[in-house]
>>> print(open('entry-v4.pdb').read())   # PDB, C-alpha atoms and all ligand atoms
ATOM      1  CA  MET A 682       0.000   0.000   0.000
ATOM      2  CA  LYS A 683       1.336   3.437  -0.952
ATOM      3  CA  ILE A 684       0.580   6.781   0.625
ATOM      4  CA  GLU A 685       1.692  10.367   0.035
ATOM      5  CA  ILE A 686       2.726  12.731   2.809
ATOM      6  CA  ASP A 687       3.656  16.314   1.979
ATOM      7  CA  HIS A 688       4.358  15.377  -1.673
ATOM      8  CA  LYS A 689       6.593  12.428  -0.752
ATOM      9  CA  ASP A 690       5.696   8.778  -1.474
ATOM     10  CA  PHE A 691       5.842   6.070   1.172
ATOM     11  CA  GLU A 692       5.034   2.356   1.114
ATOM     12  CA  LEU A 693       3.817   0.085   3.886
ATOM     13  CA  MET A 694       6.668  -1.536   5.804
ATOM     14  CA  ILE A 695       5.447  -2.772   9.221
ATOM     15  CA  THR A 696       1.767  -3.200  10.056
ATOM     16  CA  HIS A 697       0.226  -2.296  13.384
ATOM     17  CA  GLU A 698      -0.545  -5.996  13.891
ATOM     18  CA  GLN A 699       3.165  -6.835  13.554
ATOM     19  CA  VAL A 700       4.039  -4.076  16.011
ATOM     20  CA  LYS A 701       1.496  -5.320  18.547
ATOM     21  CA  LYS A 702       2.816  -8.882  18.267
ATOM     22  CA  ARG A 703       6.388  -7.701  18.863
ATOM     23  CA  LEU A 704       5.325  -5.543  21.808
ATOM     24  CA  ARG A 705       3.692  -8.520  23.490
ATOM     25  CA  LEU A 706       7.030 -10.379  23.346
ATOM     26  CA  ILE A 707       9.056  -7.409  24.589
ATOM     27  CA  GLY A 708       6.503  -6.953  27.373
ATOM     28  CA  ILE A 709       6.943 -10.554  28.489
ATOM     29  CA  GLN A 710      10.729 -10.087  28.632
ATOM     30  CA  LEU A 711      10.486  -6.839  30.596
ATOM     31  CA  ASN A 712       7.967  -8.281  33.060
ATOM     32  CA  VAL A 713      10.407 -11.084  33.851
ATOM     33  CA  VAL A 714      13.628  -9.073  33.970
ATOM     34  CA  TYR A 715      12.218  -6.187  36.030
ATOM     35  CA  GLU A 716       9.941  -8.084  38.410
ATOM     36  CA  ASN A 717      10.229  -6.536  41.916
ATOM     37  CA  ARG A 718      12.618  -3.839  40.593
ATOM     38  CA  VAL A 719       9.994  -1.094  40.017
ATOM     39  CA  PRO A 720      11.615   0.307  36.845
ATOM     40  CA  ILE A 721      10.979   3.759  35.503
ATOM     41  CA  PHE A 722      10.250   4.008  31.772
ATOM     42  CA  ILE A 723      11.467   7.287  30.289
ATOM     43  CA  GLY A 724      10.046   8.101  26.868
ATOM     44  CA  VAL A 725      11.921  10.548  24.642
ATOM     45  CA  LEU A 726       9.384  12.865  23.021
ATOM     46  CA  ASN A 727       7.908  13.393  20.531
ATOM     47  CA  GLY A 728       8.290  10.234  18.490
ATOM     48  CA  CYS A 729       7.870   7.655  21.274
ATOM     49  CA  PHE A 730       4.383   8.613  22.405
ATOM     50  CA  MET A 731       2.486   5.884  20.558
ATOM     51  CA  PHE A 732       5.058   3.160  21.156
ATOM     52  CA  LEU A 733       5.348   3.844  24.878
ATOM     53  CA  ALA A 734       1.559   3.991  25.286
ATOM     54  CA  ASP A 735       1.158   0.570  23.644
ATOM     55  CA  LEU A 736       4.210  -0.907  25.387
ATOM     56  CA  MET A 737       2.909   0.031  28.829
ATOM     57  CA  LYS A 738      -0.276  -1.961  28.169
ATOM     58  CA  GLN A 739       1.968  -5.056  28.129
ATOM     59  CA  ILE A 740       3.732  -4.223  31.403
ATOM     60  CA  HIS A 741       2.094  -5.890  34.381
ATOM     61  CA  ILE A 742       4.709  -5.275  37.073
ATOM     62  CA  ALA A 743       4.956  -2.241  39.363
ATOM     63  CA  SER A 744       6.579   0.531  37.305
ATOM     64  CA  GLU A 745       6.575   4.264  36.655
ATOM     65  CA  VAL A 746       6.443   6.213  33.396
ATOM     66  CA  CYS A 747       7.549   9.679  32.424
ATOM     67  CA  PHE A 748       8.332  11.585  29.262
ATOM     68  CA  VAL A 749      11.269  13.895  28.586
ATOM     69  CA  LYS A 750      12.368  16.124  25.783
ATOM     70  CA  LEU A 751      15.933  16.912  24.784
ATOM     71  CA  ALA A 752      16.485  20.625  24.390
ATOM     72  CA  SER A 753      19.550  22.508  23.222
ATOM     73  CA  TYR A 754      20.475  26.035  24.161
ATOM     74  CA  GLU A 755      23.488  28.326  24.095
ATOM     75  CA  GLY A 756      25.682  28.282  27.194
ATOM     76  CA  GLU A 757      26.387  31.425  29.164
ATOM     77  CA  ASN A 758      29.535  32.134  27.231
ATOM     78  CA  ARG A 759      27.616  31.364  23.986
ATOM     79  CA  ARG A 760      30.299  28.891  22.928
ATOM     80  CA  ASP A 761      28.952  25.452  23.558
ATOM     81  CA  GLU A 762      25.599  24.075  22.692
ATOM     82  CA  ILE A 763      24.302  22.482  25.870
ATOM     83  CA  ILE A 764      21.799  19.677  25.736
ATOM     84  CA  GLN A 765      19.306  19.631  28.538
ATOM     85  CA  LEU A 766      16.670  17.157  29.666
ATOM     86  CA  ILE A 767      13.346  18.821  30.199
ATOM     87  CA  GLY A 768      10.321  17.354  31.897
ATOM     88  CA  LEU A 769      12.150  14.962  34.223
ATOM     89  CA  ASN A 770      10.643  15.328  37.674
ATOM     90  CA  HIS A 771      11.833  12.029  39.157
ATOM     91  CA  ASP A 772      14.953  11.430  41.195
ATOM     92  CA  LEU A 773      16.741   8.697  39.215
ATOM     93  CA  LYS A 774      19.408   7.977  41.836
ATOM     94  CA  GLY A 775      19.438   4.226  42.462
ATOM     95  CA  ARG A 776      16.517   3.609  40.065
ATOM     96  CA  GLU A 777      16.240   1.013  37.305
ATOM     97  CA  VAL A 778      15.798   3.118  34.170
ATOM     98  CA  ILE A 779      14.480   2.015  30.790
ATOM     99  CA  ILE A 780      14.873   4.657  28.081
ATOM    100  CA  VAL A 781      12.184   4.282  25.423
ATOM    101  CA  GLU A 782      12.785   5.506  21.868
ATOM    102  CA  ASP A 783      10.753   5.159  18.694
ATOM    103  CA  ILE A 784      13.913   4.905  16.572
ATOM    104  CA  VAL A 785      17.670   4.760  16.976
ATOM    105  CA  ASP A 786      19.234   5.918  13.713
ATOM    106  CA  THR A 787      22.719   7.470  14.010
ATOM    107  CA  GLY A 788      22.509   7.057  17.790
ATOM    108  CA  ASN A 789      23.360  10.725  18.434
ATOM    109  CA  THR A 790      20.163  11.390  20.374
ATOM    110  CA  LEU A 791      20.634   8.281  22.468
ATOM    111  CA  ARG A 792      24.288   9.102  23.175
ATOM    112  CA  ARG A 793      23.250  12.457  24.668
ATOM    113  CA  MET A 794      20.297  10.958  26.481
ATOM    114  CA  LEU A 795      22.484   8.263  28.056
ATOM    115  CA  ASP A 796      25.083  10.793  29.220
ATOM    116  CA  LEU A 797      22.404  12.921  30.866
ATOM    117  CA  VAL A 798      20.631   9.992  32.518
ATOM    118  CA  LYS A 799      23.820   8.310  33.759
ATOM    119  CA  ALA A 800      24.907  11.566  35.387
ATOM    120  CA  LEU A 801      21.847  11.190  37.644
ATOM    121  CA  GLU A 802      23.299   7.948  39.083
ATOM    122  CA  PRO A 803      20.602   5.358  38.321
ATOM    123  CA  ALA A 804      21.196   1.756  39.447
ATOM    124  CA  SER A 805      20.894   0.573  35.836
ATOM    125  CA  VAL A 806      20.004   1.890  32.388
ATOM    126  CA  ALA A 807      18.590  -0.146  29.497
ATOM    127  CA  ILE A 808      17.301   1.026  26.148
ATOM    128  CA  CYS A 809      14.105  -0.117  24.521
ATOM    129  CA  THR A 810      13.605   1.067  20.945
ATOM    130  CA  LEU A 811      10.910   0.124  18.487
ATOM    131  CA  LEU A 812      13.176   0.559  15.450
ATOM    132  CA  LEU A 813      16.940   0.325  14.960
ATOM    133  CA  LYS A 814      18.942   1.089  11.834
ATOM    134  CA  PRO A 815      22.134  -0.952  12.411
ATOM    135  CA  ASP A 816      23.817   0.374   9.258
ATOM    136  CA  ALA A 817      23.359   4.000  10.331
ATOM    137  CA  LEU A 818      24.532   3.566  13.905
ATOM    138  CA  ALA A 819      27.669   5.551  14.738
ATOM    139  CA  TYR A 820      28.200   4.053  18.221
ATOM    140  CA  GLN A 821      27.907   0.729  19.976
ATOM    141  CA  PHE A 822      25.488   0.728  22.900
ATOM    142  CA  GLU A 823      25.763  -2.122  25.367
ATOM    143  CA  GLU A 824      22.525  -0.804  26.917
ATOM    144  CA  LEU A 825      20.545  -1.548  23.720
ATOM    145  CA  ALA A 826      18.689  -4.533  25.170
ATOM    146  CA  TYR A 827      15.174  -4.402  23.693
ATOM    147  CA  VAL A 828      14.734  -3.788  19.950
ATOM    148  CA  GLY A 829      11.415  -4.133  18.153
ATOM    149  CA  PHE A 830      12.636  -4.302  14.561
ATOM    150  CA  GLU A 831      15.995  -3.853  12.858
ATOM    151  CA  ILE A 832      15.387  -1.997   9.606
ATOM    152  CA  GLU A 833      17.379  -0.866   6.595
ATOM    153  CA  ASN A 834      18.788   2.612   6.336
ATOM    154  CA  GLN A 835      15.628   4.175   4.889
ATOM    155  CA  PHE A 836      13.512   7.041   6.166
ATOM    156  CA  VAL A 837      10.383   5.803   7.926
ATOM    157  CA  VAL A 838       7.182   7.435   9.062
ATOM    158  CA  GLY A 839       4.069   6.574  11.076
ATOM    159  CA  TYR A 840       3.277   5.216  14.550
ATOM    160  CA  GLY A 841       4.691   8.360  16.173
ATOM    161  CA  LEU A 842       7.378   9.101  13.580
ATOM    162  CA  ASP A 843       6.890  12.162  11.387
ATOM    163  CA  TYR A 844       7.778  13.511   7.994
ATOM    164  CA  ASN A 845       7.836  17.325   8.167
ATOM    165  CA  GLY A 846       5.640  17.109  11.239
ATOM    166  CA  LEU A 847       3.056  14.925   9.513
ATOM    167  CA  GLY A 848       2.224  11.234   9.703
ATOM    168  CA  ARG A 849       2.698  10.623  13.439
ATOM    169  CA  ASN A 850      -0.937   9.523  13.674
ATOM    170  CA  LEU A 851      -0.593   6.627  11.205
ATOM    171  CA  LYS A 852      -1.104   3.226  12.852
ATOM    172  CA  ASP A 853       1.281   1.402  10.513
ATOM    173  CA  ILE A 854       4.914   2.207   9.682
ATOM    174  CA  TYR A 855       5.854   3.255   6.131
ATOM    175  CA  ARG A 856       9.182   3.680   4.363
ATOM    176  CA  ALA A 857      10.133   6.284   1.783
ATOM    177  CA  VAL A 858      10.163   5.072  -1.823
TER     178      VAL A 858
HETATM  179  O1  LIG B   1      19.598   8.233  16.310
HETATM  180  P1  LIG B   1      19.347   9.613  15.800
HETATM  181  O2  LIG B   1      19.954   9.837  14.437
HETATM  182  O3  LIG B   1      19.720  10.668  16.780
HETATM  183  O4  LIG B   1      17.780   9.728  15.520
HETATM  184  C1  LIG B   1      16.818   9.269  16.441
HETATM  185  C2  LIG B   1      15.968  10.379  16.982
HETATM  186  O5  LIG B   1      15.313  11.042  15.896
HETATM  187  C3  LIG B   1      13.933  11.173  16.231
HETATM  188  O6  LIG B   1      13.707  12.321  16.970
HETATM  189  P2  LIG B   1      13.604  13.779  16.334
HETATM  190  O7  LIG B   1      14.824  14.557  16.721
HETATM  191  O8  LIG B   1      13.266  13.679  14.876
HETATM  192  O9  LIG B   1      12.413  14.425  17.149
HETATM  193  P3  LIG B   1      10.901  13.920  17.317
HETATM  194  O10 LIG B   1      10.943  12.710  18.224
HETATM  195  O11 LIG B   1      10.231  15.073  17.942
HETATM  196  O12 LIG B   1      10.350  13.567  15.951
HETATM  197  C4  LIG B   1      13.651   9.956  17.074
HETATM  198  O13 LIG B   1      12.515  10.154  17.896
HETATM  199  C5  LIG B   1      14.904   9.787  17.880
HETATM  200  O14 LIG B   1      14.838  10.478  19.102
HETATM  201  N1  LIG B   2      10.508  10.093  11.001
HETATM  202  C1  LIG B   2      11.775   9.689  11.166
HETATM  203  N2  LIG B   2      12.551  10.272  12.083
HETATM  204  C2  LIG B   2      13.807   9.806  12.210
HETATM  205  N3  LIG B   2      14.795  10.195  13.049
HETATM  206  C3  LIG B   2      15.871   9.456  12.765
HETATM  207  N4  LIG B   2      15.621   8.586  11.769
HETATM  208  C4  LIG B   2      14.332   8.789  11.401
HETATM  209  C5  LIG B   2      13.489   8.189  10.405
HETATM  210  O1  LIG B   2      13.843   7.269   9.639
HETATM  211  N5  LIG B   2      12.212   8.689  10.348
END
>>> encode(input="entry-v4.pdb", output="structure tokens")
Amino acid sequence: MKIEIDHKDFELMITHEQVKKRLRLIGIQLNVVYENRVPIFIGVLNGCFMFLADLMKQIHIASEVCFVKLASYEGENRRDEIIQLIGLNHDLKGREVIIVEDIVDTGNTLRRMLDLVKALEPASVAICTLLLKPDALAYQFEELAYVGFEIENQFVVGYGLDYNGLGRNLKDIYRAV
């Protein structure tokens, strides 16, 4: 099935049914690994909103959820771009953290996110991403424990992911053609 978003063509790649099936399996794993550990799921906005909402429906152990956004601003001396976590109102010290991403592409976002989270001294940090582009990845992450689908190095849209701000509401995931 083909669709057009903002004058660009996309074709169906992963159906919502496939996503739901995969989420059930990831949920089972997480429920086992984190039983009695009360993890905190941290979703990185905007793209993760649909994935994290569906993932949490598969989590049956005691756990917390919050969303953060990565923001950049000029430092006082206007030299360095400083990346800041906004929206985090939990103390992560000693907590079991699971960072939730819709996609890990180059890994730049995750690299920054990990640095910021680790500085808050959690007991552990794992990454759960719906999509991973292994061929685009510029770093190796030992924390990358839960991956929904490994995909080719193509631009994708839908299920939270946007193209020029559009397409986040699509249930299925599409790739550019
Ligand atoms: O591995 P990378 O190459 O860093 O790409 C991955 C990031 O790109 C997307 O976010 P984006 O910055 O597009 O913001 P959005 O979530 O608001 O769409 C996605 O949600 C990841 O956070
Ligand atoms: N929508 C979208 N955002 C991204 N951010 C990094 N890679 C991608 C991608 O393939 N699609």
>>> resolve_selection(input="entry-v4.pdb", expression="the PyMOL selection byres (((chain A and resi 789) around 12) and not hetatm)", output="PyMOL selection string")
chain A and resi 751+764+784-788+790-796+817-822
>>> closest_residue(input="entry-v4.pdb", among="A:Phe691, A:Ala857, A:Leu851, A:Val700", to="A:Gln835", atoms="all atoms listed in the file")
A:Ala857
>>> atom_distance(input="entry-v4.pdb", atom1="atom N5 of ligand LIG 2 (chain B)", atom2="atom CA of A:Leu704")
19.5 Å
>>> residues_near_point(input="entry-v4.pdb", point="(2.2, 13.5, 10.3)", cutoff="12 Å", atoms="all atoms listed in the file", output="PyMOL selection string")
chain A and resi 684-687+689+727-728+837-852+854-855
>>> resolve_selection(input="entry-v4.pdb", expression="the PyMOL selection byres (((chain A and resi 771) around 10) and not hetatm)", output="PyMOL selection string")
chain A and resi 721+745-747+768-770+772-774+776
>>> residues_around(input="entry-v4.pdb", residues="A:His741", least_positions_apart="4", cutoff="9 Å", atoms="only C-alpha atoms", output="PyMOL selection string")
chain A and resi 708-709+712+737
>>> decode(input="entry-v4.pdb", residues="stretch 768-817 of chain A", atoms="C-alpha atoms", output="PDB file, in the first residue's frame")
ATOM      1  CA  GLY A 768      10.321  17.354  31.897  1.00  0.00           C
ATOM      2  CA  LEU A 769      12.150  14.962  34.223  1.00  0.00           C
ATOM      3  CA  ASN A 770      10.643  15.328  37.674  1.00  0.00           C
ATOM      4  CA  HIS A 771      11.833  12.029  39.157  1.00  0.00           C
ATOM      5  CA  ASP A 772      14.953  11.430  41.195  1.00  0.00           C
ATOM      6  CA  LEU A 773      16.741   8.697  39.215  1.00  0.00           C
ATOM      7  CA  LYS A 774      19.408   7.977  41.836  1.00  0.00           C
ATOM      8  CA  GLY A 775      19.438   4.226  42.462  1.00  0.00           C
ATOM      9  CA  ARG A 776      16.517   3.609  40.065  1.00  0.00           C
ATOM     10  CA  GLU A 777      16.240   1.013  37.305  1.00  0.00           C
ATOM     11  CA  VAL A 778      15.798   3.118  34.170  1.00  0.00           C
ATOM     12  CA  ILE A 779      14.480   2.015  30.790  1.00  0.00           C
ATOM     13  CA  ILE A 780      14.873   4.657  28.081  1.00  0.00           C
ATOM     14  CA  VAL A 781      12.184   4.282  25.423  1.00  0.00           C
ATOM     15  CA  GLU A 782      12.785   5.506  21.868  1.00  0.00           C
ATOM     16  CA  ASP A 783      10.753   5.159  18.694  1.00  0.00           C
ATOM     17  CA  ILE A 784      13.913   4.905  16.572  1.00  0.00           C
ATOM     18  CA  VAL A 785      17.670   4.760  16.976  1.00  0.00           C
ATOM     19  CA  ASP A 786      19.234   5.918  13.713  1.00  0.00           C
ATOM     20  CA  THR A 787      22.719   7.470  14.010  1.00  0.00           C
ATOM     21  CA  GLY A 788      22.509   7.057  17.790  1.00  0.00           C
ATOM     22  CA  ASN A 789      23.360  10.725  18.434  1.00  0.00           C
ATOM     23  CA  THR A 790      20.163  11.390  20.374  1.00  0.00           C
ATOM     24  CA  LEU A 791      20.634   8.281  22.468  1.00  0.00           C
ATOM     25  CA  ARG A 792      24.288   9.102  23.175  1.00  0.00           C
ATOM     26  CA  ARG A 793      23.250  12.457  24.668  1.00  0.00           C
ATOM     27  CA  MET A 794      20.297  10.958  26.481  1.00  0.00           C
ATOM     28  CA  LEU A 795      22.484   8.263  28.056  1.00  0.00           C
ATOM     29  CA  ASP A 796      25.083  10.793  29.220  1.00  0.00           C
ATOM     30  CA  LEU A 797      22.404  12.921  30.866  1.00  0.00           C
ATOM     31  CA  VAL A 798      20.631   9.992  32.518  1.00  0.00           C
ATOM     32  CA  LYS A 799      23.820   8.310  33.759  1.00  0.00           C
ATOM     33  CA  ALA A 800      24.907  11.566  35.387  1.00  0.00           C
ATOM     34  CA  LEU A 801      21.847  11.190  37.644  1.00  0.00           C
ATOM     35  CA  GLU A 802      23.299   7.948  39.083  1.00  0.00           C
ATOM     36  CA  PRO A 803      20.602   5.358  38.321  1.00  0.00           C
ATOM     37  CA  ALA A 804      21.196   1.756  39.447  1.00  0.00           C
ATOM     38  CA  SER A 805      20.894   0.573  35.836  1.00  0.00           C
ATOM     39  CA  VAL A 806      20.004   1.890  32.388  1.00  0.00           C
ATOM     40  CA  ALA A 807      18.590  -0.146  29.497  1.00  0.00           C
ATOM     41  CA  ILE A 808      17.301   1.026  26.148  1.00  0.00           C
ATOM     42  CA  CYS A 809      14.105  -0.117  24.521  1.00  0.00           C
ATOM     43  CA  THR A 810      13.605   1.067  20.945  1.00  0.00           C
ATOM     44  CA  LEU A 811      10.910   0.124  18.487  1.00  0.00           C
ATOM     45  CA  LEU A 812      13.176   0.559  15.450  1.00  0.00           C
ATOM     46  CA  LEU A 813      16.940   0.325  14.960  1.00  0.00           C
ATOM     47  CA  LYS A 814      18.942   1.089  11.834  1.00  0.00           C
ATOM     48  CA  PRO A 815      22.134  -0.952  12.411  1.00  0.00           C
ATOM     49  CA  ASP A 816      23.817   0.374   9.258  1.00  0.00           C
ATOM     50  CA  ALA A 817      23.359   4.000  10.331  1.00  0.00           C
TER      51      ALA A 817
END
